[in-house]
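So this block is protein_30.tsv, TSV, C-alpha atoms:
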chain	number	residue	atom	x	y	z
A	1	MET	CA	97.88	30.51	-137.86
A	2	PRO	CA	97.95	31.23	-141.61
A	3	VAL	CA	101.08	30.19	-143.46
A	4	LEU	CA	102.47	31.31	-146.80
A	5	HIS	CA	104.13	28.24	-148.29
A	6	TYR	CA	106.92	29.19	-150.67
A	7	ILE	CA	107.98	26.44	-153.07
A	8	PHE	CA	111.26	27.54	-154.61
A	9	ASP	CA	114.65	26.55	-155.87
A	10	PRO	CA	117.84	28.47	-155.02
A	11	LEU	CA	118.99	28.22	-158.65
A	12	CYS	CA	115.69	29.46	-160.09
A	13	GLY	CA	116.00	32.91	-161.63
A	14	TRP	CA	112.33	33.72	-161.21
A	15	CYS	CA	112.64	32.85	-157.51
A	16	TYR	CA	115.43	35.40	-157.30
A	17	GLY	CA	113.09	37.86	-159.00
A	18	ALA	CA	110.47	37.09	-156.34
A	19	ALA	CA	112.87	37.65	-153.41
A	20	PRO	CA	111.53	41.16	-152.61
A	21	LEU	CA	108.03	39.68	-152.42
A	22	VAL	CA	109.21	37.07	-149.94
A	23	GLU	CA	110.79	39.79	-147.82
A	24	ALA	CA	107.56	41.78	-147.94
A	25	ALA	CA	105.61	38.70	-146.84
A	26	ARG	CA	107.82	38.41	-143.78
A	27	ALA	CA	106.55	41.79	-142.61
A	28	VAL	CA	102.85	40.85	-142.72
A	29	PRO	CA	101.70	40.59	-139.09
A	30	GLY	CA	100.67	37.12	-138.04
A	31	LEU	CA	101.79	35.43	-141.25
A	32	THR	CA	104.41	32.68	-141.21
A	33	VAL	CA	106.52	32.01	-144.31
A	34	ALA	CA	107.43	28.33	-144.77
A	35	LEU	CA	110.18	27.32	-147.19
A	36	HIS	CA	109.99	24.29	-149.48
A	37	GLY	CA	113.05	23.66	-151.66
A	38	GLY	CA	112.05	21.80	-154.80
A	39	GLY	CA	115.42	20.54	-156.01
A	40	MET	CA	115.16	21.75	-159.60
A	41	MET	CA	118.77	20.84	-160.38
A	42	THR	CA	119.49	17.68	-158.43
A	43	GLY	CA	120.60	14.18	-159.39
A	44	SER	CA	120.51	13.71	-163.14
A	45	ASN	CA	119.19	17.27	-163.54
A	46	ARG	CA	122.40	18.86	-162.27
A	47	ARG	CA	123.96	21.05	-164.94
A	48	GLN	CA	127.49	21.87	-165.94
A	49	ILE	CA	127.67	25.45	-167.15
A	50	THR	CA	128.20	25.55	-170.91
A	51	PRO	CA	128.09	28.29	-173.57
A	52	GLU	CA	124.72	26.87	-174.63
A	53	TRP	CA	123.37	27.15	-171.09
A	54	ARG	CA	124.59	30.75	-170.86
A	55	GLY	CA	122.83	31.53	-174.13
A	56	TYR	CA	119.64	29.93	-172.83
A	57	VAL	CA	119.46	31.72	-169.46
A	58	LEU	CA	120.61	35.22	-170.43
A	59	PRO	CA	117.33	36.28	-172.12
A	60	HIS	CA	115.40	34.97	-169.13
A	61	ASP	CA	117.68	36.82	-166.72
A	62	ARG	CA	117.19	40.07	-168.63
A	63	ARG	CA	113.43	39.59	-168.48
A	64	ILE	CA	113.53	38.85	-164.76
A	65	GLU	CA	115.61	41.97	-164.12
A	66	GLN	CA	113.23	44.07	-166.22
A	67	LEU	CA	110.12	42.88	-164.41
A	68	SER	CA	111.43	42.59	-160.86
A	69	GLY	CA	114.19	45.17	-160.62
A	70	GLN	CA	116.49	42.52	-159.15
A	71	PRO	CA	120.12	43.09	-160.26
A	72	PHE	CA	122.26	40.52	-162.03
A	73	GLY	CA	125.93	41.22	-161.38
A	74	ASP	CA	128.82	41.20	-163.82
A	75	ALA	CA	130.52	38.51	-161.74
A	76	TYR	CA	127.56	36.27	-162.57
A	77	LEU	CA	126.86	37.34	-166.15
A	78	ASN	CA	130.46	37.41	-167.37
A	79	GLY	CA	132.13	35.35	-164.67
A	80	LEU	CA	130.17	32.37	-163.42
A	81	LEU	CA	128.19	31.90	-166.64
A	82	ASN	CA	131.50	31.60	-168.52
A	83	ASP	CA	132.97	29.12	-166.03
A	84	THR	CA	132.51	25.76	-167.71
A	85	THR	CA	134.06	23.97	-164.72
A	86	ALA	CA	131.18	25.05	-162.46
A	87	MET	CA	128.40	22.62	-161.62
A	88	MET	CA	124.91	23.83	-160.74
A	89	ASP	CA	123.44	21.60	-158.07
A	90	SER	CA	120.42	22.63	-156.00
A	91	ALA	CA	120.97	20.09	-153.22
A	92	PRO	CA	123.89	21.74	-151.35
A	93	PRO	CA	122.24	25.18	-151.09
A	94	ILE	CA	118.95	23.58	-149.99
A	95	THR	CA	120.89	21.68	-147.33
A	96	ALA	CA	122.47	24.98	-146.26
A	97	ILE	CA	119.02	26.55	-145.91
A	98	LEU	CA	117.84	23.63	-143.79
A	99	ALA	CA	120.98	23.88	-141.65
A	100	ALA	CA	120.58	27.64	-141.12
A	101	GLN	CA	116.94	27.13	-140.18
A	102	ASP	CA	117.83	24.32	-137.80
A	103	LEU	CA	120.57	26.35	-136.12
A	104	ALA	CA	119.02	29.76	-135.78
A	105	GLY	CA	115.74	30.03	-137.67
A	106	LYS	CA	117.64	31.76	-140.49
A	107	GLY	CA	116.60	29.61	-143.43
A	108	LEU	CA	115.03	32.52	-145.30
A	109	ASP	CA	118.03	34.74	-144.61
A	110	MET	CA	120.25	32.01	-146.02
A	111	LEU	CA	118.10	31.70	-149.14
A	112	HIS	CA	118.38	35.42	-149.85
A	113	ARG	CA	122.13	35.38	-149.19
A	114	LEU	CA	122.54	32.41	-151.53
A	115	GLN	CA	120.59	34.14	-154.28
A	116	ARG	CA	122.72	37.27	-153.99
A	117	ALA	CA	125.89	35.18	-153.91
A	118	HIS	CA	124.89	33.40	-157.11
A	119	TYR	CA	123.19	36.08	-159.19
A	120	VAL	CA	125.21	39.11	-158.12
A	121	GLU	CA	128.56	37.87	-156.82
A	122	GLY	CA	128.93	34.90	-159.17
A	123	LEU	CA	129.90	32.46	-156.41
A	124	ARG	CA	129.63	28.68	-156.59
A	125	ILE	CA	126.84	28.07	-154.11
A	126	ALA	CA	127.11	24.29	-154.46
A	127	ASP	CA	130.55	24.36	-152.79
A	128	LEU	CA	130.62	23.75	-149.03
A	129	PRO	CA	133.41	26.28	-148.25
A	130	VAL	CA	131.29	28.99	-149.91
A	131	LEU	CA	128.23	27.90	-147.93
A	132	VAL	CA	130.15	28.03	-144.63
A	133	LEU	CA	131.40	31.52	-145.47
A	134	LEU	CA	127.88	32.71	-146.25
A	135	ALA	CA	126.63	31.21	-142.98
A	136	GLN	CA	129.32	33.09	-141.08
A	137	GLN	CA	128.28	36.30	-142.82
A	138	LEU	CA	124.80	35.68	-141.39
A	139	GLY	CA	126.31	35.51	-137.92
A	140	LEU	CA	126.34	31.72	-137.60
A	141	ASP	CA	129.29	29.85	-136.12
A	142	GLY	CA	131.19	28.11	-138.89
A	143	ALA	CA	131.79	24.85	-137.02
A	144	ALA	CA	128.21	24.68	-135.77
A	145	PHE	CA	126.92	25.31	-139.29
A	146	ASP	CA	129.23	22.66	-140.70
A	147	ALA	CA	127.83	20.14	-138.21
A	148	ALA	CA	124.24	21.14	-138.92
A	149	TYR	CA	124.94	20.88	-142.66
A	150	ALA	CA	126.23	17.34	-142.16
A	151	ARG	CA	123.05	16.41	-140.28
A	152	GLN	CA	120.81	17.84	-143.00
A	153	ALA	CA	122.75	16.49	-146.00
A	154	GLY	CA	121.80	13.36	-147.86
A	155	ALA	CA	118.58	11.67	-146.77
A	156	ALA	CA	117.17	14.65	-144.86
A	157	THR	CA	117.57	16.94	-147.87
A	158	GLU	CA	116.15	14.31	-150.21
A	159	GLN	CA	113.12	13.90	-147.96
A	160	HIS	CA	112.62	17.66	-147.85
A	161	ILE	CA	112.77	17.90	-151.65
A	162	ALA	CA	110.34	15.00	-152.04
A	163	ALA	CA	107.88	16.65	-149.64
A	164	SER	CA	108.22	19.97	-151.48
A	165	ARG	CA	107.47	18.32	-154.82
A	166	ALA	CA	104.52	16.50	-153.29
A	167	LEU	CA	103.10	19.82	-152.07
A	168	LEU	CA	103.65	21.36	-155.52
A	169	ALA	CA	101.74	18.47	-157.11
A	170	GLN	CA	99.00	18.63	-154.48
A	171	VAL	CA	98.22	22.29	-155.21
A	172	GLY	CA	98.66	21.96	-158.97
A	173	GLY	CA	101.64	24.32	-159.06
A	174	GLN	CA	103.34	24.86	-162.40
A	175	GLY	CA	106.91	25.12	-161.15
A	176	PHE	CA	109.08	27.54	-159.22
A	177	PRO	CA	108.26	29.86	-157.62
A	178	THR	CA	104.85	28.78	-156.33
A	179	PHE	CA	103.18	30.57	-153.42
A	180	VAL	CA	100.43	28.81	-151.49
A	181	LEU	CA	98.41	30.49	-148.75
A	182	ASP	CA	97.13	28.20	-145.99
A	183	ASP	CA	94.32	30.06	-144.21
A	184	GLY	CA	95.06	28.28	-140.95
A	185	ALA	CA	92.03	26.02	-141.31
A	186	GLY	CA	93.54	23.76	-143.95
A	187	LYS	CA	92.38	25.60	-147.08
A	188	LEU	CA	95.22	26.00	-149.58
A	189	SER	CA	95.11	28.70	-152.27
A	190	VAL	CA	97.77	29.24	-154.94
A	191	ILE	CA	98.56	32.94	-155.40
A	192	ASP	CA	99.67	34.13	-158.84
A	193	ILE	CA	102.56	36.58	-158.40
A	194	GLY	CA	102.62	37.66	-162.06
A	195	GLY	CA	101.08	41.04	-161.33
A	196	PHE	CA	103.23	41.68	-158.27
A	197	LEU	CA	106.81	41.32	-159.50
A	198	GLY	CA	108.64	44.55	-158.76
A	199	GLN	CA	105.75	45.73	-156.58
A	200	PRO	CA	106.40	44.39	-153.07
A	201	ALA	CA	104.17	46.99	-151.38
A	202	LYS	CA	101.21	45.93	-153.54
A	203	TRP	CA	101.97	42.28	-152.77
A	204	GLN	CA	102.21	43.00	-149.06
A	205	ALA	CA	98.83	44.73	-149.12
A	206	GLN	CA	97.32	41.77	-150.96
A	207	LEU	CA	98.70	39.33	-148.41
A	208	GLY	CA	97.66	41.55	-145.54
A	209	GLY	CA	94.10	41.60	-146.86
A	210	ALA	CA	94.01	37.84	-147.33
A	211	CYS	CA	95.62	37.31	-143.97
A	212	GLY	CA	93.23	39.70	-142.28
A	213	ALA	CA	90.28	37.87	-143.78
A	214	ALA	CA	91.71	34.67	-142.35
A	215	GLY	CA	91.96	36.28	-138.93
A	216	CYS	CA	95.75	36.33	-138.61
A	217	ALA	CA	96.34	40.08	-138.27
A	218	VAL	CA	97.57	41.11	-134.86

Would you kindly transcribe this structure into C-alpha cells?
Amino acid sequence: MPVLHYIFDPLCGWCYGAAPLVEAARAVPGLTVALHGGGMMTGSNRRQITPEWRGYVLPHDRRIEQLSGQPFGDAYLNGLLNDTTAMMDSAPPITAILAAQDLAGKGLDMLHRLQRAHYVEGLRIADLPVLVLLAQQLGLDGAAFDAAYARQAGAATEQHIAASRALLAQVGGQGFPTFVLDDGAGKLSVIDIGGFLGQPAKWQAQLGGACGAAGCAV
C-alpha cells in the first residue's frame, strides 16, 4: 500500500501553508498519509517570543499567506507574537498528535487543529490545558487524552522525533515540510510542493496519478 510520508513541525509556518495539500492527500483513494514530527523547536532550539522573532517571522508569514491562501489571524499576528512570556516548543504539540493518533486515529486532525489554534487563534499550543481543550473539540475524552498524552510524552516523543529526522536525512530532505511518496514496494520519492501551494486540486491529481501508477487506486 503506497504511503505519503509527511515530515513536518507543528510550529512551521510553511507546514501550515501546506495544510490544504495534506487534506487533499487524505482524499486520494488507497493512499495512506503518515505523520512524522521533526521537532524543529525542541530542547535548546525552543524559542521565547521576542520582538526580534516577530520581526523575523512576519515577512515569512505574509509570503506563506500569499502563496497558500492560508489565513493568519489577528490573535496570532498582534496577540501571540507580542506575548514575550510565551515559549514555542514543538514537543508538546507533537506529543498531542501522537496521543490523538493512539486514542482514535486522529493525529492528522489534531495537527490541523493545532495549526489553526496557533496561526489563527493565537493560542499557546505548548500548554497542556490548551492541548486537552483542543482534543475535546475533536471529540476525544479529556481524561483519556490526558492519559494518552502522559504515555506519549518524554521518551516516546523523543524517539518519534529522532525517527522523523532520520527519515528526513535518509531521503535528503531540506527541512519542513517534506513529502515522501513510498510506492508500496520500498521506493521513496521526495515530492516538491513548490508548484502546488494554494492548488490542492492540482496536488490531488498529481498524487492520484502517482498513486495510480503504483497500483493503489481503488

| Which is closest to A:Leu138 among A:Gly208, A:Gly184, A:Gly79, A:Gly107, if we use all atoms listed in the file? | A:Gly107

| Shell of 12 Å around stretch 144-150 of chain A, all atoms listed in the file, local chain residues under 5 positions omitted, as a PyMOL selection string | chain A and resi 91-104+106-107+110+128-139+155-157

| field | Proximity to A:Pro10 - best of A:Met88, A:Leu181, A:Val28, A:Leu77, all atoms listed in the file | value |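 Result for the nearest residue to A:Pro10: A:Met88.
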
| request: Name the residues in contact with A:Gly73 at a cut-off of 10 Å, using all atoms listed in the file, excluding same-chain residues fewer than 3 positions from it; report them as number ranges by chain. | output: A: 70, 76-79, 116-122

Would you write out those residues with C-alpha atoms, as a tab-separated table (two decimals), in the frame of the given file?
chain	number	residue	atom	x	y	z
A	70	GLN	CA	116.49	42.52	-159.15
A	76	TYR	CA	127.56	36.27	-162.57
A	77	LEU	CA	126.86	37.34	-166.15
A	78	ASN	CA	130.46	37.41	-167.37
A	79	GLY	CA	132.13	35.35	-164.67
A	116	ARG	CA	122.72	37.27	-153.99
A	117	ALA	CA	125.89	35.18	-153.91
A	118	HIS	CA	124.89	33.40	-157.11
A	119	TYR	CA	123.19	36.08	-159.19
A	120	VAL	CA	125.21	39.11	-158.12
A	121	GLU	CA	128.56	37.87	-156.82
A	122	GLY	CA	128.93	34.90	-159.17

Skipping near chain neighbours, those fewer than 4 positions away, what residues fall within 10 Å of stretch 32-47 of chain A using only C-alpha atoms, listed as an mmCIF file with C-alpha atoms, in the coordinates of the input?
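So the final result, stored in out35.cif, reads:
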data_model
loop_
_atom_site.group_PDB
_atom_site.id
_atom_site.type_symbol
_atom_site.label_atom_id
_atom_site.label_comp_id
_atom_site.auth_asym_id
_atom_site.auth_seq_id
_atom_site.Cartn_x
_atom_site.Cartn_y
_atom_site.Cartn_z
ATOM 1 C CA MET A 1 97.880 30.510 -137.860
ATOM 2 C CA PRO A 2 97.950 31.230 -141.610
ATOM 3 C CA VAL A 3 101.080 30.190 -143.460
ATOM 4 C CA LEU A 4 102.470 31.310 -146.800
ATOM 5 C CA HIS A 5 104.130 28.240 -148.290
ATOM 6 C CA TYR A 6 106.920 29.190 -150.670
ATOM 7 C CA ILE A 7 107.980 26.440 -153.070
ATOM 8 C CA PHE A 8 111.260 27.540 -154.610
ATOM 9 C CA ASP A 9 114.650 26.550 -155.870
ATOM 10 C CA PRO A 10 117.840 28.470 -155.020
ATOM 11 C CA LEU A 11 118.990 28.220 -158.650
ATOM 12 C CA CYS A 12 115.690 29.460 -160.090
ATOM 13 C CA VAL A 22 109.210 37.070 -149.940
ATOM 14 C CA GLU A 23 110.790 39.790 -147.820
ATOM 15 C CA ALA A 25 105.610 38.700 -146.840
ATOM 16 C CA ARG A 26 107.820 38.410 -143.780
ATOM 17 C CA ALA A 27 106.550 41.790 -142.610
ATOM 18 C CA VAL A 28 102.850 40.850 -142.720
ATOM 19 C CA TRP A 53 123.370 27.150 -171.090
ATOM 20 C CA ALA A 86 131.180 25.050 -162.460
ATOM 21 C CA MET A 87 128.400 22.620 -161.620
ATOM 22 C CA MET A 88 124.910 23.830 -160.740
ATOM 23 C CA ASP A 89 123.440 21.600 -158.070
ATOM 24 C CA SER A 90 120.420 22.630 -156.000
ATOM 25 C CA ALA A 91 120.970 20.090 -153.220
ATOM 26 C CA PRO A 92 123.890 21.740 -151.350
ATOM 27 C CA PRO A 93 122.240 25.180 -151.090
ATOM 28 C CA ILE A 94 118.950 23.580 -149.990
ATOM 29 C CA THR A 95 120.890 21.680 -147.330
ATOM 30 C CA ILE A 97 119.020 26.550 -145.910
ATOM 31 C CA LEU A 98 117.840 23.630 -143.790
ATOM 32 C CA GLN A 101 116.940 27.130 -140.180
ATOM 33 C CA GLY A 107 116.600 29.610 -143.430
ATOM 34 C CA LEU A 108 115.030 32.520 -145.300
ATOM 35 C CA LEU A 111 118.100 31.700 -149.140
ATOM 36 C CA THR A 157 117.570 16.940 -147.870
ATOM 37 C CA GLU A 158 116.150 14.310 -150.210
ATOM 38 C CA HIS A 160 112.620 17.660 -147.850
ATOM 39 C CA ILE A 161 112.770 17.900 -151.650
ATOM 40 C CA ALA A 162 110.340 15.000 -152.040
ATOM 41 C CA ALA A 163 107.880 16.650 -149.640
ATOM 42 C CA SER A 164 108.220 19.970 -151.480
ATOM 43 C CA ARG A 165 107.470 18.320 -154.820
ATOM 44 C CA ALA A 166 104.520 16.500 -153.290
ATOM 45 C CA LEU A 167 103.100 19.820 -152.070
ATOM 46 C CA LEU A 168 103.650 21.360 -155.520
ATOM 47 C CA GLY A 175 106.910 25.120 -161.150
ATOM 48 C CA PHE A 176 109.080 27.540 -159.220
ATOM 49 C CA PRO A 177 108.260 29.860 -157.620
ATOM 50 C CA THR A 178 104.850 28.780 -156.330
ATOM 51 C CA PHE A 179 103.180 30.570 -153.420
ATOM 52 C CA VAL A 180 100.430 28.810 -151.490
ATOM 53 C CA LEU A 181 98.410 30.490 -148.750
ATOM 54 C CA ASP A 182 97.130 28.200 -145.990
ATOM 55 C CA CYS A 216 95.750 36.330 -138.610
#
